[in-house]
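Asks: This is work14.pdb (PDB, C-alpha atoms).
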MODEL        1
ATOM      1  CA  ILE A   1     -19.930  -8.560 -19.424
ATOM      2  CA  VAL A   2     -17.442  -7.438 -16.748
ATOM      3  CA  TYR A   3     -14.460  -5.254 -17.666
ATOM      4  CA  ASP A   4     -11.614  -5.104 -15.150
ATOM      5  CA  LYS A   5      -9.928  -1.804 -15.934
ATOM      6  CA  MET A   6      -6.484  -2.272 -14.376
ATOM      7  CA  GLU A   7      -4.214   0.281 -16.016
ATOM      8  CA  ARG A   8      -4.007   3.470 -18.072
ATOM      9  CA  TRP A   9      -3.050   1.445 -21.125
ATOM     10  CA  SER A  10      -2.377   4.486 -23.298
ATOM     11  CA  ALA A  11       0.393   5.588 -20.905
ATOM     12  CA  PHE A  12       2.533   2.486 -21.454
ATOM     13  CA  PRO A  13       5.605   3.001 -23.648
ATOM     14  CA  GLY A  14       4.900   1.641 -27.127
ATOM     15  CA  SER A  15       1.151   1.415 -26.541
ATOM     16  CA  GLU A  16       0.517   3.067 -29.910
ATOM     17  CA  THR A  17       1.297  -0.291 -31.525
ATOM     18  CA  TRP A  18      -1.334  -2.317 -29.633
ATOM     19  CA  TYR A  19      -3.764  -0.007 -27.794
ATOM     20  CA  ASP A  20      -6.895   1.469 -29.376
ATOM     21  CA  GLU A  21      -8.775   4.021 -27.268
ATOM     22  CA  GLN A  22     -11.952   3.550 -29.304
ATOM     23  CA  VAL A  23     -11.955  -0.200 -28.672
ATOM     24  CA  GLU A  24     -11.653   0.331 -24.922
ATOM     25  CA  ALA A  25     -14.443   2.902 -25.022
ATOM     26  CA  GLU A  26     -16.707   0.373 -26.745
ATOM     27  CA  ILE A  27     -15.852  -2.290 -24.171
ATOM     28  CA  GLU A  28     -16.798   0.117 -21.385
ATOM     29  CA  TYR A  29     -20.008   1.086 -23.180
ATOM     30  CA  TYR A  30     -21.268  -2.471 -23.605
ATOM     31  CA  ALA A  31     -20.040  -3.806 -20.256
ATOM     32  CA  ASP A  32     -22.568  -4.515 -17.517
ATOM     33  CA  LEU A  33     -19.936  -3.758 -14.903
ATOM     34  CA  VAL A  34     -16.622  -1.876 -15.016
ATOM     35  CA  MET A  35     -14.242  -2.409 -12.102
ATOM     36  CA  PHE A  36     -11.297  -0.081 -11.506
ATOM     37  CA  THR A  37      -8.571   0.030  -8.848
ATOM     38  CA  THR A  38      -7.722   3.768  -8.781
ATOM     39  CA  LYS A  39      -9.936   6.841  -9.025
ATOM     40  CA  PRO A  40      -8.284   8.244 -12.218
ATOM     41  CA  LEU A  41      -9.392   5.089 -14.051
ATOM     42  CA  TRP A  42     -13.063   5.950 -13.584
ATOM     43  CA  PRO A  43     -14.640   4.876 -16.897
ATOM     44  CA  ASN A  44     -15.372   7.515 -19.512
ATOM     45  CA  SER A  45     -18.780   6.036 -20.260
ATOM     46  CA  ARG A  46     -21.456   6.621 -17.623
ATOM     47  CA  ARG A  47     -23.703   3.895 -18.958
ATOM     48  CA  PRO A  48     -22.348   0.820 -17.126
ATOM     49  CA  LEU A  49     -22.325   0.206 -13.426
ATOM     50  CA  ALA A  50     -18.842   1.227 -12.248
ATOM     51  CA  LYS A  51     -17.306  -0.109  -9.054
ATOM     52  CA  PHE A  52     -14.148   1.170  -7.364
ATOM     53  CA  ILE A  53     -12.353  -1.859  -5.865
ATOM     54  CA  PRO A  54      -8.935  -1.038  -4.328
ATOM     55  CA  ASN A  55      -6.137  -3.537  -4.611
ATOM     56  CA  ALA A  56      -5.243  -5.884  -1.779
ATOM     57  CA  CYS A  57      -3.071  -8.958  -1.284
ATOM     58  CA  ASP A  58      -3.562 -12.664  -0.676
ATOM     59  CA  PRO A  59      -0.786 -13.985   1.607
ATOM     60  CA  SER A  60      -2.226 -17.498   1.390
ATOM     61  CA  LEU A  61      -0.391 -17.730  -1.951
ATOM     62  CA  TRP A  62       2.974 -17.524  -0.178
ATOM     63  CA  SER A  63       5.072 -20.383   1.113
ATOM     64  CA  ASP A  64       5.012 -20.721   4.898
ATOM     65  CA  THR A  65       8.444 -22.325   5.061
ATOM     66  CA  PHE A  66      10.592 -20.425   2.563
ATOM     67  CA  CYS A  67      13.429 -18.336   4.014
ATOM     68  CA  PRO A  68      15.663 -16.535   1.478
ATOM     69  CA  GLY A  69      19.406 -16.822   1.835
ATOM     70  CA  ASP A  70      20.565 -14.160  -0.610
ATOM     71  CA  VAL A  71      19.327 -10.935   1.012
ATOM     72  CA  VAL A  72      22.294  -8.720   1.932
ATOM     73  CA  ARG A  73      21.799  -6.705   5.093
ATOM     74  CA  GLY A  74      22.941  -3.117   5.467
ATOM     75  CA  ARG A  75      24.783  -1.854   8.512
ATOM     76  CA  ASN A  76      21.753   0.142   9.634
ATOM     77  CA  LEU A  77      18.872  -0.688   7.294
ATOM     78  CA  THR A  78      17.927  -3.316   4.740
ATOM     79  CA  VAL A  79      15.799  -1.966   1.901
ATOM     80  CA  GLY A  80      14.076  -4.001  -0.782
ATOM     81  CA  TYR A  81      12.362  -3.496  -4.091
ATOM     82  CA  VAL A  82      10.085  -6.217  -5.474
ATOM     83  CA  GLY A  83       8.547  -6.070  -8.923
ATOM     84  CA  GLY A  84       9.015  -5.690 -12.633
ATOM     85  CA  ALA A  85      11.757  -3.969 -14.558
ATOM     86  CA  GLY A  86       9.619  -1.676 -16.710
ATOM     87  CA  SER A  87      10.716   1.700 -17.981
ATOM     88  CA  TRP A  88       8.460   3.375 -15.400
ATOM     89  CA  ILE A  89      10.813   2.232 -12.601
ATOM     90  CA  ASP A  90      13.375   4.892 -11.701
ATOM     91  CA  VAL A  91      16.466   2.685 -11.574
ATOM     92  CA  ASN A  92      18.814   5.686 -11.541
ATOM     93  CA  ILE A  93      17.581   6.787  -8.131
ATOM     94  CA  LEU A  94      18.565   3.379  -6.739
ATOM     95  CA  TYR A  95      22.168   4.095  -7.701
ATOM     96  CA  GLU A  96      21.952   7.617  -6.263
ATOM     97  CA  LEU A  97      20.564   6.357  -2.962
ATOM     98  CA  ASP A  98      23.141   3.579  -2.801
ATOM     99  CA  SER A  99      25.956   6.083  -3.323
ATOM    100  CA  HIS A 100      24.485   8.428  -0.716
ATOM    101  CA  PHE A 101      24.132   5.904   2.112
ATOM    102  CA  LYS A 102      27.564   4.302   1.518
ATOM    103  CA  GLY A 103      26.691   0.832   2.768
ATOM    104  CA  ASP A 104      24.769   1.918   5.853
ATOM    105  CA  VAL A 105      21.699   0.962   3.850
ATOM    106  CA  SER A 106      21.632  -2.044   1.527
ATOM    107  CA  PHE A 107      19.297  -2.152  -1.465
ATOM    108  CA  ASN A 108      18.077  -5.604  -2.541
ATOM    109  CA  VAL A 109      16.265  -5.655  -5.883
ATOM    110  CA  VAL A 110      13.992  -8.645  -6.465
ATOM    111  CA  GLY A 111      12.879  -8.850 -10.083
ATOM    112  CA  PRO A 112      14.036  -9.593 -13.640
ATOM    113  CA  PHE A 113      16.548  -6.759 -13.867
ATOM    114  CA  GLU A 114      19.675  -6.941 -16.035
ATOM    115  CA  PRO A 115      21.747  -4.103 -14.593
ATOM    116  CA  GLU A 116      24.500  -2.468 -16.579
ATOM    117  CA  LYS A 117      26.447  -1.927 -13.376
ATOM    118  CA  HIS A 118      26.342  -2.754  -9.661
ATOM    119  CA  GLY A 119      26.607  -0.384  -6.737
ATOM    120  CA  ASN A 120      28.352  -0.352  -3.368
ATOM    121  CA  ALA A 121      25.468  -1.999  -1.538
ATOM    122  CA  LEU A 122      22.998  -2.394  -4.406
ATOM    123  CA  TYR A 123      22.247  -6.034  -5.098
ATOM    124  CA  PHE A 124      20.177  -7.438  -7.962
ATOM    125  CA  LEU A 125      18.802 -10.765  -6.771
ATOM    126  CA  GLY A 126      16.925 -11.677  -9.949
ATOM    127  CA  TYR A 127      13.490 -13.157 -10.551
ATOM    128  CA  LYS A 128      11.875 -15.063  -7.682
ATOM    129  CA  GLU A 129       8.872 -17.354  -7.561
ATOM    130  CA  PRO A 130       5.675 -15.545  -6.467
ATOM    131  CA  ALA A 131       5.279 -18.000  -3.573
ATOM    132  CA  HIS A 132       8.606 -16.758  -2.175
ATOM    133  CA  ILE A 133       7.791 -13.035  -2.149
ATOM    134  CA  GLY A 134       6.444 -13.105   1.398
ATOM    135  CA  GLY A 135       9.737 -14.540   2.620
ATOM    136  CA  TYR A 136      11.688 -11.735   0.995
ATOM    137  CA  LEU A 137       9.430  -9.048   2.403
ATOM    138  CA  GLN A 138      10.007 -10.397   5.905
ATOM    139  CA  GLU A 139      13.734  -9.807   5.428
ATOM    140  CA  PHE A 140      13.313  -6.113   4.590
ATOM    141  CA  ASP A 141      13.123  -3.202   6.998
ATOM    142  CA  LEU A 142      11.543  -1.102   4.277
ATOM    143  CA  LEU A 143      10.106  -1.555   0.786
ATOM    144  CA  LEU A 144      11.151   1.062  -1.761
ATOM    145  CA  VAL A 145       8.915   1.753  -4.766
ATOM    146  CA  PRO A 146      10.799   4.269  -6.964
ATOM    147  CA  VAL A 147       8.317   4.941  -9.743
ATOM    148  CA  GLU A 148       8.634   7.685 -12.353
ATOM    149  CA  GLU A 149       6.003  10.365 -11.762
ATOM    150  CA  ASN A 150       3.810  10.382 -14.864
ATOM    151  CA  GLU A 151       0.330   9.505 -16.106
ATOM    152  CA  LEU A 152       1.011   5.782 -15.792
ATOM    153  CA  SER A 153       2.026   5.906 -12.131
ATOM    154  CA  ARG A 154      -0.839   8.297 -11.357
ATOM    155  CA  CYS A 155      -3.246   5.508 -12.245
ATOM    156  CA  VAL A 156      -1.661   2.440 -10.647
ATOM    157  CA  SER A 157      -1.863   0.893  -7.210
ATOM    158  CA  PRO A 158       0.900  -1.753  -6.947
ATOM    159  CA  ILE A 159      -0.049  -4.932  -5.132
ATOM    160  CA  LYS A 160       3.497  -5.113  -3.733
ATOM    161  CA  VAL A 161       2.688  -2.098  -1.555
ATOM    162  CA  TYR A 162      -0.226  -3.958   0.029
ATOM    163  CA  GLU A 163       1.847  -7.113   0.425
ATOM    164  CA  ALA A 164       4.548  -5.161   2.279
ATOM    165  CA  LEU A 165       2.046  -3.468   4.576
ATOM    166  CA  TRP A 166       0.378  -6.789   5.354
ATOM    167  CA  SER A 167       3.843  -8.103   6.250
ATOM    168  CA  GLY A 168       4.387  -5.189   8.628
ATOM    169  CA  VAL A 169       6.973  -3.519   6.397
ATOM    170  CA  PRO A 170       6.764   0.263   5.846
ATOM    171  CA  VAL A 171       6.912   1.625   2.300
ATOM    172  CA  VAL A 172       8.683   4.617   0.778
ATOM    173  CA  ALA A 173       7.148   5.368  -2.617
ATOM    174  CA  SER A 174       7.251   7.999  -5.320
ATOM    175  CA  GLY A 175       4.744   8.757  -8.051
ATOM    176  CA  LEU A 176       1.873   6.758  -6.551
ATOM    177  CA  PRO A 177      -0.982   8.978  -5.331
ATOM    178  CA  ALA A 178      -3.275   5.925  -4.996
ATOM    179  CA  VAL A 179      -1.334   4.656  -1.962
ATOM    180  CA  ARG A 180      -0.088   7.962  -0.556
ATOM    181  CA  ASP A 181      -2.578   8.075   2.307
ATOM    182  CA  LEU A 182      -2.243   4.463   3.449
ATOM    183  CA  GLU A 183      -0.922   3.910   6.947
ATOM    184  CA  GLY A 184       2.695   2.847   6.710
ATOM    185  CA  VAL A 185       3.407   4.587   3.390
ATOM    186  CA  CYS A 186       5.800   7.535   3.260
ATOM    187  CA  SER A 187       5.746   9.418  -0.033
ATOM    188  CA  GLY A 188       8.732  11.158  -1.529
ATOM    189  CA  SER A 189       9.493  12.873  -4.816
ATOM    190  CA  GLY A 190      13.021  12.797  -6.143
ATOM    191  CA  PHE A 191      16.305  11.968  -4.454
ATOM    192  CA  ASN A 192      16.162  14.468  -1.573
ATOM    193  CA  GLU A 193      12.703  13.522  -0.349
ATOM    194  CA  MET A 194      13.237   9.788  -0.780
ATOM    195  CA  SER A 195      16.590   9.782   1.004
ATOM    196  CA  SER A 196      15.056  11.775   3.860
ATOM    197  CA  ALA A 197      12.143   9.348   4.055
ATOM    198  CA  ILE A 198      14.521   6.373   4.231
ATOM    199  CA  THR A 199      16.453   8.113   7.019
ATOM    200  CA  ASP A 200      13.215   8.784   8.911
ATOM    201  CA  VAL A 201      12.194   5.137   8.657
ATOM    202  CA  GLY A 202      15.654   4.091   9.784
ATOM    203  CA  ASN A 203      15.294   6.254  12.864
ATOM    204  CA  GLY A 204      11.971   4.422  13.552
ATOM    205  CA  PRO A 205       9.849   3.144  15.013
ATOM    206  CA  TRP A 206       8.053   2.675  11.701
ATOM    207  CA  ARG A 207       7.133  -1.001  11.759
ATOM    208  CA  VAL A 208       3.553  -1.296  10.530
ATOM    209  CA  ASN A 209       1.309  -2.873  13.154
ATOM    210  CA  LEU A 210      -1.969  -3.078  11.292
ATOM    211  CA  MET A 211      -3.133  -3.069   7.717
ATOM    212  CA  VAL A 212      -6.883  -3.048   7.134
ATOM    213  CA  VAL A 213      -8.142  -3.762   3.618
ATOM    214  CA  GLU A 214     -11.704  -3.043   2.598
ATOM    215  CA  LEU A 215     -13.191  -5.743   0.410
TER     216      LEU A 215
ENDMDL
END
Mind turning the file's structure into structure tokens?

Replies:
Amino acid sequence: IVYDKMERWSAFPGSETWYDEQVEAEIEYYADLVMFTTKPLWPNSRRPLAKFIPNACDPSLWSDTFCPGDVVRGRNLTVGYVGGAGSWIDVNILYELDSHFKGDVSFNVVGPFEPEKHGNALYFLGYKEPAHIGGYLQEFDLLLVPVEENELSRCVSPIKVYEALWSGVPVVASGLPAVRDLEGVCSGSGFNEMSSAITDVGNGPWRVNLMVVEL
């Protein structure tokens, strides 16, 4: 029995309706192997063999020919976000950053968002096929990962970060200690730090030259 422990399930909003801590503890107890992607997810039970396996990416899943036509470029910098629209994403800071940079930086959001409003240079491009993600990343100067800082983000390691780094795109992220020390990742907390980090990347050179993944 192998248990792939991917998330801190109890930290998801509404988890009280579907998550049972005792059930997970029993799965860990009877498993022959527990795999986990971040150190805080280390299994509670010491009985099974536990293996820390960091996330990575598989660019062979991407289309080699796709070139997106809907990315809007900023005057100085083109920033992207790729991913889900969960409550753990700090959407408000996207509007704050958009207002701050006044069109010098464009923000292209790839994912199933249904925004209540649009910004000056904040563009919601909608859901895209997974095979097309590599093409979008190539269009960005920087990937922004604005995650709320809480127990959920403390335990996750988004694959999109690794995909961006593999593509040579630097990352500005909040609330993600699992990727904080990776080459090419600049961490920020809140509007001031994240806006400063975006400015620093814009002043370059920050293009990532190498991303090594341990398997």

Asks: List, as a VMD selection string, every residue that the PyMOL selection byres ((chain A and resi 185) around 10) selects in the file provided.

Replies: chain A and resid 142 to 144 161 to 162 164 to 165 169 to 173 179 to 184 186 to 188 197 206 208

Asks: Pull the closest atom pair for each residue of range 145-214 of chain A that gets at most 12 Å from range 11-24 of chain A, along with the distance in Å to one decimal, counting all atoms listed in the file, ordering rows by chain and then ascending residue number, as CSV.

Replies:
residue,atom,partner,partner_atom,distance
A:Glu149,CA,A:Ala11,CA,11.7
A:Asn150,CA,A:Ala11,CA,8.4
A:Glu151,CA,A:Ala11,CA,6.2
A:Leu152,CA,A:Ala11,CA,5.2
A:Ser153,CA,A:Ala11,CA,8.9
A:Arg154,CA,A:Ala11,CA,10.0
A:Cys155,CA,A:Ala11,CA,9.4
A:Val156,CA,A:Ala11,CA,10.9

Asks: Would you compute the distance between CA of Met35 in chain A and CA of Trp166 in chain A? Give it in Å to one decimal.

Replies: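 Here the two named atoms are 23.2 Å from each other.
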
Asks: Could you tell me, as a list in words, exactly which residues end up selected when the PyMOL selection byres ((chain A and resi 100-109) around 6) is applied to this structure?

Replies: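 On this input, the PyMOL selection byres ((chain A and resi 100-109) around 6) captures Arg73, Gly74, Arg75, Asn76, Leu77, Thr78, Val79, Gly80, Tyr81, Leu97, Asp98, Ser99, Val110, Ala121, Leu122, Tyr123, Phe124 and Leu125 of chain A.
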
Asks: Pick out the closest residue to Leu33 in chain A from this set: A:Gly126, A:Gly202, A:Ser196, A:Val2. Count only C-alpha atoms.

Replies: A:Val2

Asks: Of the candidates A:Met6, A:Cys57, A:Val147, A:Leu137, which one gets nearest to Pro177 in chain A if we count all atoms listed in the file?

Replies: A:Val147

Asks: Select, from A:Glu114, A:Asp58, A:Glu139, A:Glu163, the residue with the minimum atom-to-atom distance to Tyr127 in chain A, counting all atoms listed in the file.

Replies: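 Closest to Tyr127 in chain A of all the choices is A:Glu114.
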
Asks: As a short mmCIF file (atom, residue, chain, number, x, y, z; two decimals), in the coordinates of the input, could you write out range 105-116 of chain A once it has been completed with all heavy atoms?

Replies:
data_model
loop_
_atom_site.label_atom_id
_atom_site.label_comp_id
_atom_site.auth_asym_id
_atom_site.auth_seq_id
_atom_site.Cartn_x
_atom_site.Cartn_y
_atom_site.Cartn_z
N VAL A 105 22.96 1.53 4.33
CA VAL A 105 21.70 0.96 3.85
C VAL A 105 22.00 0.06 2.67
O VAL A 105 22.71 0.46 1.74
CB VAL A 105 20.71 2.07 3.42
CG1 VAL A 105 19.43 1.47 2.86
CG2 VAL A 105 20.42 3.00 4.59
N SER A 106 21.50 -1.17 2.70
CA SER A 106 21.63 -2.04 1.53
C SER A 106 20.33 -2.02 0.74
O SER A 106 19.24 -1.86 1.31
CB SER A 106 21.96 -3.48 1.96
OG SER A 106 20.87 -4.07 2.65
N PHE A 107 20.45 -2.17 -0.57
CA PHE A 107 19.30 -2.15 -1.46
C PHE A 107 19.26 -3.48 -2.21
O PHE A 107 20.15 -3.78 -3.02
CB PHE A 107 19.39 -0.97 -2.43
CG PHE A 107 19.35 0.37 -1.76
CD1 PHE A 107 20.52 0.96 -1.29
CD2 PHE A 107 18.14 1.02 -1.56
CE1 PHE A 107 20.48 2.19 -0.66
CE2 PHE A 107 18.10 2.26 -0.93
CZ PHE A 107 19.27 2.84 -0.48
N ASN A 108 18.24 -4.28 -1.94
CA ASN A 108 18.08 -5.60 -2.54
C ASN A 108 16.93 -5.55 -3.54
O ASN A 108 15.78 -5.32 -3.16
CB ASN A 108 17.79 -6.64 -1.46
CG ASN A 108 18.94 -6.83 -0.51
OD1 ASN A 108 19.73 -7.75 -0.66
ND2 ASN A 108 19.04 -5.96 0.50
N VAL A 109 17.25 -5.76 -4.81
CA VAL A 109 16.26 -5.66 -5.88
C VAL A 109 15.84 -7.05 -6.32
O VAL A 109 16.64 -7.83 -6.83
CB VAL A 109 16.84 -4.88 -7.08
CG1 VAL A 109 15.81 -4.78 -8.20
CG2 VAL A 109 17.28 -3.48 -6.63
N VAL A 110 14.55 -7.36 -6.08
CA VAL A 110 13.99 -8.64 -6.46
C VAL A 110 13.16 -8.44 -7.72
O VAL A 110 12.14 -7.74 -7.70
CB VAL A 110 13.12 -9.23 -5.34
CG1 VAL A 110 12.44 -10.52 -5.80
CG2 VAL A 110 13.96 -9.48 -4.09
N GLY A 111 13.58 -9.03 -8.82
CA GLY A 111 12.88 -8.85 -10.08
C GLY A 111 13.80 -9.13 -11.24
O GLY A 111 15.02 -9.26 -11.08
N PRO A 112 13.26 -9.20 -12.46
CA PRO A 112 14.04 -9.59 -13.64
C PRO A 112 14.87 -8.46 -14.23
O PRO A 112 14.75 -8.12 -15.41
CB PRO A 112 12.95 -10.05 -14.61
CG PRO A 112 11.77 -9.19 -14.27
CD PRO A 112 11.82 -9.02 -12.76
N PHE A 113 15.70 -7.86 -13.40
CA PHE A 113 16.55 -6.76 -13.87
C PHE A 113 17.85 -7.32 -14.45
O PHE A 113 18.39 -8.30 -13.96
CB PHE A 113 16.89 -5.81 -12.71
CG PHE A 113 15.75 -4.92 -12.30
CD1 PHE A 113 14.75 -5.40 -11.46
CD2 PHE A 113 15.68 -3.62 -12.75
CE1 PHE A 113 13.71 -4.58 -11.08
CE2 PHE A 113 14.64 -2.78 -12.36
CZ PHE A 113 13.65 -3.28 -11.52
N GLU A 114 18.36 -6.64 -15.47
CA GLU A 114 19.68 -6.94 -16.04
C GLU A 114 20.50 -5.66 -15.96
O GLU A 114 20.60 -4.90 -16.92
CB GLU A 114 19.55 -7.43 -17.47
CG GLU A 114 18.77 -8.75 -17.59
CD GLU A 114 18.69 -9.24 -19.02
OE1 GLU A 114 19.21 -8.54 -19.92
OE2 GLU A 114 18.10 -10.30 -19.25
N PRO A 115 21.07 -5.39 -14.80
CA PRO A 115 21.75 -4.10 -14.59
C PRO A 115 23.01 -3.97 -15.42
O PRO A 115 23.73 -4.95 -15.67
CB PRO A 115 22.08 -4.14 -13.09
CG PRO A 115 22.21 -5.60 -12.78
CD PRO A 115 21.18 -6.28 -13.64
N GLU A 116 23.27 -2.74 -15.85
CA GLU A 116 24.50 -2.47 -16.58
C GLU A 116 25.68 -2.34 -15.63
O GLU A 116 26.83 -2.50 -16.02
CB GLU A 116 24.35 -1.18 -17.39
CG GLU A 116 23.27 -1.26 -18.48
CD GLU A 116 23.16 0.02 -19.26
OE1 GLU A 116 23.88 0.99 -18.93
OE2 GLU A 116 22.36 0.07 -20.21
#
